[in-house]
$ cat work-v2.cif   # mmCIF, N, CA and C atoms and all ligand atoms
data_upload
loop_
_atom_site.group_PDB
_atom_site.id
_atom_site.type_symbol
_atom_site.label_atom_id
_atom_site.label_comp_id
_atom_site.auth_asym_id
_atom_site.auth_seq_id
_atom_site.Cartn_x
_atom_site.Cartn_y
_atom_site.Cartn_z
ATOM 1 N N MET A 6 21.771 27.154 -4.855
ATOM 2 C CA MET A 6 21.764 26.362 -6.100
ATOM 3 C C MET A 6 21.004 25.058 -5.911
ATOM 4 N N ALA A 7 21.246 24.476 -4.775
ATOM 5 C CA ALA A 7 20.564 23.210 -4.497
ATOM 6 C C ALA A 7 19.054 23.419 -4.442
ATOM 7 N N SER A 8 18.663 24.546 -3.820
ATOM 8 C CA SER A 8 17.225 24.780 -3.702
ATOM 9 C C SER A 8 16.612 25.091 -5.066
ATOM 10 N N PHE A 9 17.421 25.748 -5.922
ATOM 11 C CA PHE A 9 16.931 26.013 -7.275
ATOM 12 C C PHE A 9 16.659 24.689 -8.004
ATOM 13 N N LEU A 10 17.611 23.781 -7.896
ATOM 14 C CA LEU A 10 17.439 22.484 -8.550
ATOM 15 C C LEU A 10 16.260 21.729 -7.949
ATOM 16 N N GLN A 11 16.115 21.857 -6.637
ATOM 17 C CA GLN A 11 15.004 21.183 -5.975
ATOM 18 C C GLN A 11 13.668 21.728 -6.479
ATOM 19 N N ASN A 12 13.623 23.083 -6.616
ATOM 20 C CA ASN A 12 12.402 23.695 -7.126
ATOM 21 C C ASN A 12 12.106 23.245 -8.549
ATOM 22 N N LEU A 13 13.182 23.164 -9.327
ATOM 23 C CA LEU A 13 13.042 22.738 -10.712
ATOM 24 C C LEU A 13 12.495 21.312 -10.762
ATOM 25 N N LYS A 14 13.056 20.474 -9.901
ATOM 26 C CA LYS A 14 12.643 19.076 -9.831
ATOM 27 C C LYS A 14 11.162 18.990 -9.431
ATOM 28 N N ASN A 15 10.811 19.784 -8.419
ATOM 29 C CA ASN A 15 9.424 19.785 -7.976
ATOM 30 C C ASN A 15 8.492 20.238 -9.094
ATOM 31 N N PHE A 16 8.986 21.244 -9.841
ATOM 32 C CA PHE A 16 8.179 21.768 -10.930
ATOM 33 C C PHE A 16 7.892 20.673 -11.954
ATOM 34 N N PHE A 17 8.925 19.925 -12.294
ATOM 35 C CA PHE A 17 8.755 18.923 -13.339
ATOM 36 C C PHE A 17 8.027 17.664 -12.869
ATOM 37 N N THR A 18 8.107 17.395 -11.572
ATOM 38 C CA THR A 18 7.469 16.167 -11.094
ATOM 39 C C THR A 18 6.077 16.420 -10.512
ATOM 40 N N ALA A 19 5.714 17.704 -10.392
ATOM 41 C CA ALA A 19 4.436 18.033 -9.756
ATOM 42 C C ALA A 19 3.224 17.330 -10.372
ATOM 43 N N PRO A 20 3.115 17.270 -11.703
ATOM 44 C CA PRO A 20 1.916 16.618 -12.260
ATOM 45 C C PRO A 20 1.775 15.161 -11.805
ATOM 46 N N ALA A 21 2.908 14.459 -11.666
ATOM 47 C CA ALA A 21 2.854 13.062 -11.243
ATOM 48 C C ALA A 21 2.348 12.955 -9.806
ATOM 49 N N TYR A 22 2.753 13.904 -8.970
ATOM 50 C CA TYR A 22 2.349 13.846 -7.570
ATOM 51 C C TYR A 22 0.845 14.034 -7.394
ATOM 52 N N SER A 23 0.238 14.739 -8.322
ATOM 53 C CA SER A 23 -1.185 15.017 -8.166
ATOM 54 C C SER A 23 -2.020 13.737 -8.186
ATOM 55 N N SER A 24 -1.446 12.653 -8.700
ATOM 56 C CA SER A 24 -2.218 11.414 -8.764
ATOM 57 C C SER A 24 -1.877 10.467 -7.608
ATOM 58 N N THR A 25 -0.944 10.880 -6.734
ATOM 59 C CA THR A 25 -0.550 9.958 -5.673
ATOM 60 C C THR A 25 -1.655 9.750 -4.640
ATOM 61 N N SER A 26 -2.625 10.652 -4.596
ATOM 62 C CA SER A 26 -3.719 10.453 -3.651
ATOM 63 C C SER A 26 -4.509 9.200 -4.003
ATOM 64 N N ASN A 27 -4.293 8.716 -5.205
ATOM 65 C CA ASN A 27 -4.939 7.490 -5.637
ATOM 66 C C ASN A 27 -4.249 6.248 -5.064
ATOM 67 N N PHE A 28 -3.086 6.450 -4.439
ATOM 68 C CA PHE A 28 -2.307 5.319 -3.963
ATOM 69 C C PHE A 28 -2.265 5.244 -2.440
ATOM 70 N N ILE A 29 -2.245 4.032 -1.960
ATOM 71 C CA ILE A 29 -1.977 3.771 -0.555
ATOM 72 C C ILE A 29 -0.675 2.980 -0.534
ATOM 73 N N THR A 30 0.267 3.431 0.275
ATOM 74 C CA THR A 30 1.577 2.803 0.268
ATOM 75 C C THR A 30 1.809 1.988 1.538
ATOM 76 N N PHE A 31 2.286 0.772 1.334
ATOM 77 C CA PHE A 31 2.717 -0.065 2.442
ATOM 78 C C PHE A 31 4.210 -0.322 2.302
ATOM 79 N N ASN A 32 4.939 -0.171 3.403
ATOM 80 C CA ASN A 32 6.322 -0.632 3.426
ATOM 81 C C ASN A 32 6.337 -1.945 4.191
ATOM 82 N N ILE A 33 6.773 -2.970 3.502
ATOM 83 C CA ILE A 33 6.700 -4.321 4.039
ATOM 84 C C ILE A 33 8.094 -4.922 4.105
ATOM 85 N N GLN A 34 8.314 -5.701 5.153
ATOM 86 C CA GLN A 34 9.603 -6.372 5.278
ATOM 87 C C GLN A 34 9.409 -7.874 5.135
ATOM 88 N N CYS A 35 10.219 -8.459 4.293
ATOM 89 C CA CYS A 35 10.171 -9.896 4.049
ATOM 90 C C CYS A 35 10.700 -10.644 5.283
ATOM 91 N N ASN A 36 9.939 -11.646 5.719
ATOM 92 C CA ASN A 36 10.358 -12.421 6.894
ATOM 93 C C ASN A 36 11.586 -13.280 6.625
ATOM 94 N N ARG A 37 11.775 -13.653 5.383
ATOM 95 C CA ARG A 37 12.869 -14.569 5.090
ATOM 96 C C ARG A 37 14.217 -13.864 4.946
ATOM 97 N N CYS A 38 14.243 -12.787 4.146
ATOM 98 C CA CYS A 38 15.538 -12.162 3.853
ATOM 99 C C CYS A 38 15.651 -10.745 4.418
ATOM 100 N N GLY A 39 14.557 -10.203 4.957
ATOM 101 C CA GLY A 39 14.617 -8.872 5.554
ATOM 102 C C GLY A 39 14.524 -7.737 4.559
ATOM 103 N N GLU A 40 14.322 -8.060 3.292
ATOM 104 C CA GLU A 40 14.199 -7.004 2.283
ATOM 105 C C GLU A 40 12.981 -6.127 2.572
ATOM 106 N N GLU A 41 13.176 -4.823 2.406
ATOM 107 C CA GLU A 41 12.052 -3.902 2.543
ATOM 108 C C GLU A 41 11.436 -3.669 1.177
ATOM 109 N N ILE A 42 10.161 -3.874 1.093
ATOM 110 C CA ILE A 42 9.464 -3.776 -0.178
ATOM 111 C C ILE A 42 8.394 -2.698 -0.073
ATOM 112 N N THR A 43 8.394 -1.792 -1.024
ATOM 113 C CA THR A 43 7.367 -0.750 -1.058
ATOM 114 C C THR A 43 6.257 -1.203 -1.986
ATOM 115 N N VAL A 44 5.054 -1.214 -1.464
ATOM 116 C CA VAL A 44 3.908 -1.651 -2.253
ATOM 117 C C VAL A 44 2.965 -0.476 -2.434
ATOM 118 N N ASN A 45 2.737 -0.104 -3.677
ATOM 119 C CA ASN A 45 1.783 0.957 -3.971
ATOM 120 C C ASN A 45 0.466 0.329 -4.399
ATOM 121 N N VAL A 46 -0.546 0.592 -3.613
ATOM 122 C CA VAL A 46 -1.860 0.039 -3.897
ATOM 123 C C VAL A 46 -2.705 1.112 -4.559
ATOM 124 N N ARG A 47 -3.261 0.777 -5.674
ATOM 125 C CA ARG A 47 -4.096 1.726 -6.404
ATOM 126 C C ARG A 47 -5.531 1.613 -5.884
ATOM 127 N N ARG A 48 -6.037 2.712 -5.382
ATOM 128 C CA ARG A 48 -7.390 2.672 -4.831
ATOM 129 C C ARG A 48 -8.411 2.228 -5.868
ATOM 130 N N SER A 49 -8.207 2.711 -7.100
ATOM 131 C CA SER A 49 -9.228 2.492 -8.120
ATOM 132 C C SER A 49 -9.278 1.061 -8.629
ATOM 133 N N SER A 50 -8.161 0.325 -8.552
ATOM 134 C CA SER A 50 -8.187 -1.004 -9.154
ATOM 135 C C SER A 50 -7.786 -2.144 -8.215
ATOM 136 N N ASP A 51 -7.002 -1.857 -7.172
ATOM 137 C CA ASP A 51 -6.519 -2.942 -6.313
ATOM 138 C C ASP A 51 -7.435 -3.210 -5.124
ATOM 139 N N ILE A 52 -8.263 -2.236 -4.800
ATOM 140 C CA ILE A 52 -9.109 -2.357 -3.619
ATOM 141 C C ILE A 52 -10.545 -2.587 -4.061
ATOM 142 N N SER A 53 -11.194 -3.567 -3.456
ATOM 143 C CA SER A 53 -12.575 -3.836 -3.832
ATOM 144 C C SER A 53 -13.519 -3.514 -2.688
ATOM 145 N N ARG A 54 -14.694 -3.106 -3.051
ATOM 146 C CA ARG A 54 -15.687 -2.743 -2.036
ATOM 147 C C ARG A 54 -16.241 -4.003 -1.379
ATOM 148 N N ILE A 55 -16.451 -3.897 -0.089
ATOM 149 C CA ILE A 55 -17.045 -5.002 0.651
ATOM 150 C C ILE A 55 -18.554 -4.802 0.666
ATOM 151 N N TYR A 56 -19.277 -5.826 0.267
ATOM 152 C CA TYR A 56 -20.733 -5.729 0.308
ATOM 153 C C TYR A 56 -21.245 -6.325 1.605
ATOM 154 N N GLU A 57 -22.460 -5.972 1.928
ATOM 155 C CA GLU A 57 -22.985 -6.308 3.248
ATOM 156 C C GLU A 57 -22.955 -7.799 3.566
ATOM 157 N N GLU A 58 -23.124 -8.602 2.532
ATOM 158 C CA GLU A 58 -23.165 -10.042 2.801
ATOM 159 C C GLU A 58 -21.768 -10.643 3.025
ATOM 160 N N GLU A 59 -20.730 -9.848 2.728
ATOM 161 C CA GLU A 59 -19.376 -10.334 2.945
ATOM 162 C C GLU A 59 -18.912 -9.971 4.356
ATOM 163 N N GLU A 60 -18.014 -10.765 4.865
ATOM 164 C CA GLU A 60 -17.549 -10.517 6.220
ATOM 165 C C GLU A 60 -16.357 -9.576 6.229
ATOM 166 N N GLY A 61 -16.357 -8.706 7.208
ATOM 167 C CA GLY A 61 -15.232 -7.801 7.407
ATOM 168 C C GLY A 61 -15.348 -7.200 8.785
ATOM 169 N N PRO A 62 -14.291 -6.602 9.289
ATOM 170 C CA PRO A 62 -14.356 -5.948 10.604
ATOM 171 C C PRO A 62 -15.385 -4.821 10.600
ATOM 172 N N ALA A 63 -15.895 -4.470 11.753
ATOM 173 C CA ALA A 63 -16.889 -3.403 11.866
ATOM 174 C C ALA A 63 -16.376 -2.113 11.235
ATOM 175 N N GLY A 64 -17.191 -1.506 10.402
ATOM 176 C CA GLY A 64 -16.839 -0.228 9.792
ATOM 177 C C GLY A 64 -16.030 -0.353 8.515
ATOM 178 N N SER A 65 -15.685 -1.553 8.120
ATOM 179 C CA SER A 65 -14.857 -1.695 6.918
ATOM 180 C C SER A 65 -15.701 -1.583 5.659
ATOM 181 N N ALA A 66 -15.153 -0.923 4.666
ATOM 182 C CA ALA A 66 -15.878 -0.693 3.418
ATOM 183 C C ALA A 66 -15.122 -1.230 2.206
ATOM 184 N N PHE A 67 -13.804 -1.355 2.359
ATOM 185 C CA PHE A 67 -12.989 -1.806 1.227
ATOM 186 C C PHE A 67 -12.015 -2.892 1.677
ATOM 187 N N LEU A 68 -11.704 -3.748 0.748
ATOM 188 C CA LEU A 68 -10.825 -4.880 1.025
ATOM 189 C C LEU A 68 -9.675 -4.917 0.020
ATOM 190 N N LEU A 69 -8.505 -5.168 0.542
ATOM 191 C CA LEU A 69 -7.337 -5.358 -0.316
ATOM 192 C C LEU A 69 -6.765 -6.750 -0.075
ATOM 193 N N ARG A 70 -6.543 -7.485 -1.144
ATOM 194 C CA ARG A 70 -5.801 -8.745 -1.050
ATOM 195 C C ARG A 70 -4.665 -8.650 -2.052
ATOM 196 N N LYS A 71 -3.452 -8.858 -1.578
ATOM 197 C CA LYS A 71 -2.321 -8.705 -2.477
ATOM 198 C C LYS A 71 -1.240 -9.725 -2.169
ATOM 199 N N GLU A 72 -0.659 -10.253 -3.231
ATOM 200 C CA GLU A 72 0.502 -11.125 -3.097
ATOM 201 C C GLU A 72 1.722 -10.288 -3.451
ATOM 202 N N ILE A 73 2.720 -10.332 -2.584
ATOM 203 C CA ILE A 73 3.894 -9.476 -2.766
ATOM 204 C C ILE A 73 5.136 -10.351 -2.848
ATOM 205 N N LEU A 74 5.925 -10.098 -3.860
ATOM 206 C CA LEU A 74 7.161 -10.839 -4.035
ATOM 207 C C LEU A 74 8.317 -9.845 -4.111
ATOM 208 N N GLY A 75 9.311 -10.042 -3.259
ATOM 209 C CA GLY A 75 10.475 -9.167 -3.291
ATOM 210 C C GLY A 75 11.420 -9.543 -4.412
ATOM 211 N N LYS A 76 12.552 -8.851 -4.436
ATOM 212 C CA LYS A 76 13.540 -9.118 -5.486
ATOM 213 C C LYS A 76 14.624 -10.073 -5.012
ATOM 214 N N LYS A 77 14.801 -10.177 -3.680
ATOM 215 C CA LYS A 77 15.959 -10.913 -3.167
ATOM 216 C C LYS A 77 15.702 -12.388 -2.899
ATOM 217 N N CYS A 78 14.454 -12.773 -2.740
ATOM 218 C CA CYS A 78 14.164 -14.189 -2.523
ATOM 219 C C CYS A 78 12.787 -14.491 -3.075
ATOM 220 N N ASN A 79 12.396 -15.759 -2.998
ATOM 221 C CA ASN A 79 11.110 -16.143 -3.603
ATOM 222 C C ASN A 79 10.015 -16.362 -2.569
ATOM 223 N N ASN A 80 10.186 -15.736 -1.406
ATOM 224 C CA ASN A 80 9.169 -15.818 -0.364
ATOM 225 C C ASN A 80 7.961 -14.957 -0.750
ATOM 226 N N LEU A 81 6.815 -15.618 -0.902
ATOM 227 C CA LEU A 81 5.615 -14.883 -1.289
ATOM 228 C C LEU A 81 4.904 -14.386 -0.025
ATOM 229 N N ILE A 82 4.616 -13.079 -0.006
ATOM 230 C CA ILE A 82 3.982 -12.445 1.149
ATOM 231 C C ILE A 82 2.516 -12.173 0.793
ATOM 232 N N TYR A 83 1.637 -12.571 1.696
ATOM 233 C CA TYR A 83 0.207 -12.346 1.471
ATOM 234 C C TYR A 83 -0.286 -11.251 2.403
ATOM 235 N N LEU A 84 -0.866 -10.219 1.806
ATOM 236 C CA LEU A 84 -1.383 -9.095 2.584
ATOM 237 C C LEU A 84 -2.894 -8.993 2.390
ATOM 238 N N THR A 85 -3.587 -8.923 3.499
ATOM 239 C CA THR A 85 -5.024 -8.649 3.468
ATOM 240 C C THR A 85 -5.269 -7.445 4.354
ATOM 241 N N ALA A 86 -5.963 -6.447 3.839
ATOM 242 C CA ALA A 86 -6.204 -5.247 4.636
ATOM 243 C C ALA A 86 -7.631 -4.766 4.427
ATOM 244 N N TYR A 87 -8.212 -4.264 5.494
ATOM 245 C CA TYR A 87 -9.566 -3.712 5.445
ATOM 246 C C TYR A 87 -9.495 -2.209 5.669
ATOM 247 N N PHE A 88 -10.252 -1.470 4.858
ATOM 248 C CA PHE A 88 -10.260 -0.012 4.945
ATOM 249 C C PHE A 88 -11.687 0.486 5.178
ATOM 250 N N GLY A 89 -11.778 1.636 5.839
ATOM 251 C CA GLY A 89 -13.068 2.298 6.028
ATOM 252 C C GLY A 89 -13.426 3.141 4.814
ATOM 253 N N GLU A 90 -14.519 3.864 4.897
ATOM 254 C CA GLU A 90 -15.004 4.681 3.768
ATOM 255 C C GLU A 90 -13.979 5.709 3.306
ATOM 256 N N ASN A 91 -13.161 6.192 4.213
ATOM 257 C CA ASN A 91 -12.154 7.200 3.864
ATOM 258 C C ASN A 91 -10.793 6.574 3.565
ATOM 259 N N TYR A 92 -10.803 5.296 3.266
ATOM 260 C CA TYR A 92 -9.579 4.550 2.984
ATOM 261 C C TYR A 92 -8.624 4.551 4.184
ATOM 262 N N ASN A 93 -9.181 4.727 5.354
ATOM 263 C CA ASN A 93 -8.377 4.586 6.574
ATOM 264 C C ASN A 93 -8.237 3.097 6.874
ATOM 265 N N LEU A 94 -7.075 2.699 7.270
ATOM 266 C CA LEU A 94 -6.809 1.292 7.542
ATOM 267 C C LEU A 94 -7.497 0.885 8.838
ATOM 268 N N ILE A 95 -8.315 -0.147 8.760
ATOM 269 C CA ILE A 95 -9.019 -0.630 9.949
ATOM 270 C C ILE A 95 -8.302 -1.834 10.535
ATOM 271 N N SER A 96 -7.974 -2.783 9.692
ATOM 272 C CA SER A 96 -7.193 -3.914 10.198
ATOM 273 C C SER A 96 -6.426 -4.539 9.045
ATOM 274 N N SER A 97 -5.372 -5.234 9.376
ATOM 275 C CA SER A 97 -4.583 -5.870 8.327
ATOM 276 C C SER A 97 -4.008 -7.182 8.837
ATOM 277 N N GLU A 98 -3.871 -8.105 7.909
ATOM 278 C CA GLU A 98 -3.239 -9.382 8.223
ATOM 279 C C GLU A 98 -2.160 -9.596 7.182
ATOM 280 N N ILE A 99 -1.052 -10.133 7.622
ATOM 281 C CA ILE A 99 0.022 -10.379 6.677
ATOM 282 C C ILE A 99 0.693 -11.691 7.049
ATOM 283 N N SER A 100 1.058 -12.469 6.040
ATOM 284 C CA SER A 100 1.829 -13.677 6.301
ATOM 285 C C SER A 100 3.064 -13.672 5.415
ATOM 286 N N GLY A 101 4.164 -14.085 5.970
ATOM 287 C CA GLY A 101 5.414 -14.118 5.212
ATOM 288 C C GLY A 101 6.231 -12.842 5.345
ATOM 289 N N GLY A 102 5.648 -11.855 6.018
ATOM 290 C CA GLY A 102 6.356 -10.585 6.182
ATOM 291 C C GLY A 102 5.675 -9.765 7.251
ATOM 292 N N LYS A 103 6.152 -8.542 7.422
ATOM 293 C CA LYS A 103 5.482 -7.658 8.369
ATOM 294 C C LYS A 103 5.375 -6.254 7.786
ATOM 295 N N ILE A 104 4.368 -5.524 8.256
ATOM 296 C CA ILE A 104 4.153 -4.157 7.783
ATOM 297 C C ILE A 104 5.005 -3.219 8.642
ATOM 298 N N ILE A 105 5.925 -2.495 8.012
ATOM 299 C CA ILE A 105 6.762 -1.542 8.717
ATOM 300 C C ILE A 105 6.026 -0.215 8.828
ATOM 301 N N GLU A 106 5.428 0.191 7.734
ATOM 302 C CA GLU A 106 4.779 1.489 7.689
ATOM 303 C C GLU A 106 3.634 1.458 6.693
ATOM 304 N N HIS A 107 2.634 2.246 6.970
ATOM 305 C CA HIS A 107 1.499 2.371 6.056
ATOM 306 C C HIS A 107 1.113 3.834 5.960
ATOM 307 N N LYS A 108 0.917 4.316 4.718
ATOM 308 C CA LYS A 108 0.497 5.702 4.539
ATOM 309 C C LYS A 108 -0.703 5.761 3.593
HETATM 310 ZN ZN ZN A 201 12.711 -12.084 0.863
#

$ encode --input "work-v2.cif" --output "C-alpha cells" --more "lines below"
Ligand SMILES: [Zn+2]
Amino acid sequence: MASFLQNLKNFFTAPAYSSTSNFITFNIQCNRCGEEITVNVRRSSDISRIYEEEEGPAGSAFLLRKEILGKKCNNLIYLTAYFGENYNLISSEISGGKIIEHK
C-alpha cells in the first residue's frame, strides 16, 4: 500500500521534477544560529556568465552571487560561487555561514 501511494505521489509530482535540472541546490548552515537553509539557485536567472575581461578562477564560466537570510535570525549570509561550463562548482566563498552540501 505504501508503495502504491509512493507511485501515485511520484506520478503526480513527476512534471515538477522535470524542471529541477534547472536548479542547483546548496545546503547552508547559518554561523550564528546553526539553522540549515536550503538554497535553490536557478541556472537561468540567478547565475550570470563570466566574460573574459572579468576575473574568475581558471575554467570558470558562470558566477553566482547570493544573499541568504534564514528564518531564525537576521544574520545575512553572502555566497559567491564559480561554475564551469557544465555548471560544475569550481570554487565558492561564503561569509556568515558554511556550505554543508552542494548538488
Ligand atoms: Zn541564523

$ residues_around --input "work-v2.cif" --residues "segment 57-63 of chain A" --least-positions-apart "4" --cutoff "8 Å" --atoms "only N, CA and C atoms" --output "JSON, numbers by chain"
{"A": [87, 88, 89, 95, 96]}

$ resolve_selection --input "work-v2.cif" --expression "the PyMOL selection byres (((not hetatm)) within 8 of (chain A and resi 201))" --output "number ranges by chain"
A: 34-41, 74-81, 101

$ residues_near_point --input "work-v2.cif" --point "(4.2, -9.1, 4.3)" --cutoff "6 Å" --atoms "only C-alpha atoms" --output "PyMOL selection string"
chain A and resi 33+82-84+99-103

$ axis_aligned_box --input "work-v2.cif" --around "segment 89-98 of chain A" --padding-each-side "5 Å" --output "lines of an AutoDock Vina configuration file"
center_x = -8.6
center_y = -1.2
center_z = 6.8
size_x = 22.8
size_y = 26.8
size_z = 17.6

$ atom_distance --input "work-v2.cif" --atom1 "atom N of Lys71 of chain A" --atom2 "atom CA of Ser97 of chain A"
10.4 Å
